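Undergrad: Let me give you the structure first, and then I'll get to my questions.
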Amino acid sequence: MTARSAIDKARARSAWIFVAPMLIVLALVAAWPLARTIWFSMTNATLVDLTTYDFIWFDNFIVHADGRWYGIFTDPQWLRALWNTLVFAAVSVSLELVLGVIVALIVNAALPGRGLMRAAMLVPWAIPTVVSAKIWQWMLNDQFGVVNAMLEGAGFIDGPVAWLGGSSLAMVSIIMVDVWKTTPFVALLVLAALQTLPKEIYEAAKVDGIHPVKVFFKVTLPLIKPALVVAVIFRLLDAMRMFDLVYVMTGSSEETMTLSVFARQALVSFQDVGYGSAASTGLFLIIALITVIYIMTLKPLGREKAA
Amino acid sequence: MARLRVLFIAMVALFALGPAQAQRGGAHVSIACGALGIELELCREAAQQWARETGNTVEIVNTPNSSGDRFQLYVQLLSSQSSDIDVLQIDVVWAGMLQTHLADLSEMGEIAQRTMFPALVANNRVGGRFVAVPWFTDAGVLYYRKDLLTKYGYAPPETWDDLTRIAAAIQKAEREAGNRRMWGYVFQAKASESLTCNALEWVSSHGGGSFLAPDRTYTADNPRAAAALDRAAKWVGTISPRGVLNYDEETSRGVFQTGNAVFMRNWPYAWALAQADSSPIRGKVGVVALPAGPGGESAATLGGWQLAVSRYSEHPEAAKDLVRYLTSAKEQKRRAILGAYNPTIISLYQDAEVLEANPFFGTLYPAFENAVARPARPAGARYNQVSDAIWRASYDVLQGDETGRRALENLEEEIARIAFRARWAEKEVGE
């Protein structure tokens with residue numbers, strides 16, 4: 001008995017030693033910046049002078065003074081940014097999921113030139129985001145853009161369309177570019193899942209003469225569901241903190257401002273470290289909440305399947 | 001042990017000697033200057049001339065063209081106390097926002113006080129220090145096509161009503177004559193600092209104040225200001241292309257200089273470029289003060305750039321000397337003649353060579369002297385935030401999303417939020 005617990009203790013100790021480097025690195029690159037952001041979110045620090053600031057509790061989030069409400073939760077611009085972020089995340093992730101599955105099914109089929117197709121599919125994903133955002137910005141330019149030139153040449157539009165100008169079209173354009181860019185990622189995950197599926201099931205379905213559409217919904221989709229769940233959570237987290245694409249393509253324009261763009265504007269353009277940190281902390285809490293809800297709603301489903 | 005100590009002392013001595021030796025061989029100073037039009041060229045020539053004369057070396061740092069991006073670059077460098085840039089070209093509205101990072105130039109302040117525009121000198125005195133030397137000043141002016149106005153028998157417009165009428169008439173006539181891309185009026189309505197400058201001119205010329213009074217009273221929401229914004233909104237899509245909502249200085253100059261606009265609001269720098277040898281409208285351009293509102297007042301937004309020395313500079317003395325050289329009368333005169341950059345030294349406005357190169361410097365002198373300041377002093381460190389609120393409100397009106405009235409109501413609401421965050425109630429203006 002004692003011998004066993006001694007071994008356990010030794011094992012536990014070496015386990016801690018092995019885990020320690022990772023814990024230290026995590027504390028340095030994740031926990032410390034996060035703690036500092038949360039700390040600053042409760043101060044009125046500014047970049048004008050970072051050494052002196054007051055602790056103001058939750059005034060950056062919500063506070064009532066002189067008959068008005070202040071703080072990010074009552075700031076129309078922050079709420080607008082929240083709405084933009086949610087719309088962007090919901091629409092882009094749904095489209096990417098549907099298109100990603102379709103693309104994966106196509107490149108999974110035994111077609112000639114399949115290897116080439118798989119490589120080509122990854123190109124949008126491989127281009128750095130800032131580069132592809134710039135490419136698209138020029139392609140969508142209202143005066144010199146190739147997109148307008150093509151649409152005009154084909155007779156779809158009369159005059160130039162200001163894709164990224166101040167209108168709801170800007171959000172549509174950004175979603176389009178994001179779908180173009182990250183569908184390959186979803187497709188790749190789904191393709192990996194498709195390759196692991198046992199061939200016998202499909203042969204059985206073929207023998208029974210079941211329609212391919214029915215096979216997809218009754219056999220393929222349930223089997224690749226775990227991969228889809230992973231793909232959605234990756235993409236959802238990415239989309240919720242969307243920054244680079246929006247910032248490069250439309251800057252700090254209100255129509256497309258996401259929560260990350262808002263936080264950057266408050267922190268850098270307005271030098272307001274306290275308010276910007278509060279906006280970042282708010283975004284962190286929202287993402288954490290969405291992740292928890294997502295995992296909670298999926299867990300029972302996973303268990304049912306296991307049982 | 002003893003050997004170790006010797007080694008240690010030798011190393012300390014090496015470190016201590018290093019910088020001192022560098023000093024004797026001439027300092028290396030880096031300067032960030034703008035790149036609008038031929039700005040960068042003029043800056044490089046002058047800085048290299050200074051380097052040759054003083055035996056120092058100088059490096060020109062490229063900065064983004066958009067003043068918003070440039071400001072962010074400065075904030076990132078300065079708030080990390082970087083010594084990468086010694087001399088910074090800063091906008092007239094930045095003194096209050098960057099002052100904690102800038103060295104005190106009081107020794108140059110006295111000369112500036114005697115020779116330069118008092119308003120500009122006062123603008124750079126923040127918290128009892130003189131943080132930047134005015135380099136060139138700017139005020140919005142109206143460019144017009146002399147040839148077209150003569151052709152159709154109009155005098156340059158004196159009021160906004162005139163401008164709207166003439167622009168519409170010439171645009172219509174020119175288009176009927178086959179010039180299908182002709183527009184009446186181009187200005188800067190891109191959601192950026194440029195729009196704040198334009199909106200201030202409209203509002204101020206209508207007697208609508210300057211959004212935030214010098215004593216920090218909220219003055220944005222008033223009927224005259226609303227009327228001014230509503231008037232501008234009517235231009236978009238009639239005498240101005242819808243694309244004007246995305247035009248900055250250079251884009252609007254592009255349209256005007258290719259001969260596709262009758263009128264343009266811009267800064268004086270566009271003069272030298274419009275009159276350049278390669279310009280299609282060379283010799284066909286006139287410059288007048290911006291049109292007046294119903295009350296008969298004309299207003300031009302005060303712009304312009306200053307030279308400041310970073311507090312984190314490793315060679316502050318050499319950097320100050322470069323600032324002294326670049327802001328001298330000789331260099332300002334060269335810049336005025338070659339690039340139409342308005343001097344900040346008053347006496348240069350009577351210089352025959354300067355006036356020959358830029359005839360409007362003489363006729364528009366009152367406009368330069370009485371230019372309207374953006375609310376940078378009352379807003380202080382919060383100016384960017386106030387300006388952002390101003391251009392967003394103006395943009396909403398121009399785009400047709402809001403009436404002037406509603407937009408200005410929202411603007412006052414936003415300024416109140418900023419005031420609360422900055423605790424203006426507890427602080428004096430200029431603190």
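Letters A, B, ... mark the chains of the structure tokens in the order given; residue numbers begin at 1 per chain; ligand numbers begin at 1, in order shown.
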Mind listing as a PyMOL selection string which residues of chain B are within 9 Å of chain A, counting only C-alpha atoms?
TA: chain B and resi 68-69+71-72+75-76+79+97-101+191+243+245-246+381-385+392+399+414+417+420-422
Undergrad: Give me the residues within 10 Å of A:Arg80 as an NGL selection string, counting only C-alpha atoms and dropping any in the same chain fewer than 4 places off.
TA: :A and (75-76 or 84-86 or 254-259 or 262)
Undergrad: With distances taken over only C-alpha atoms, which of B:Ala213, B:Ala199, B:Leu273, B:Leu322 is nearest to B:Gly404?
TA: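 Closest candidate: B:Ala199.
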Undergrad: Would you work out the distance separating atom CA of B:Gly178 from atom CA of A:Gly159, expressed in Å to one decimal?
TA: 18.3 Å
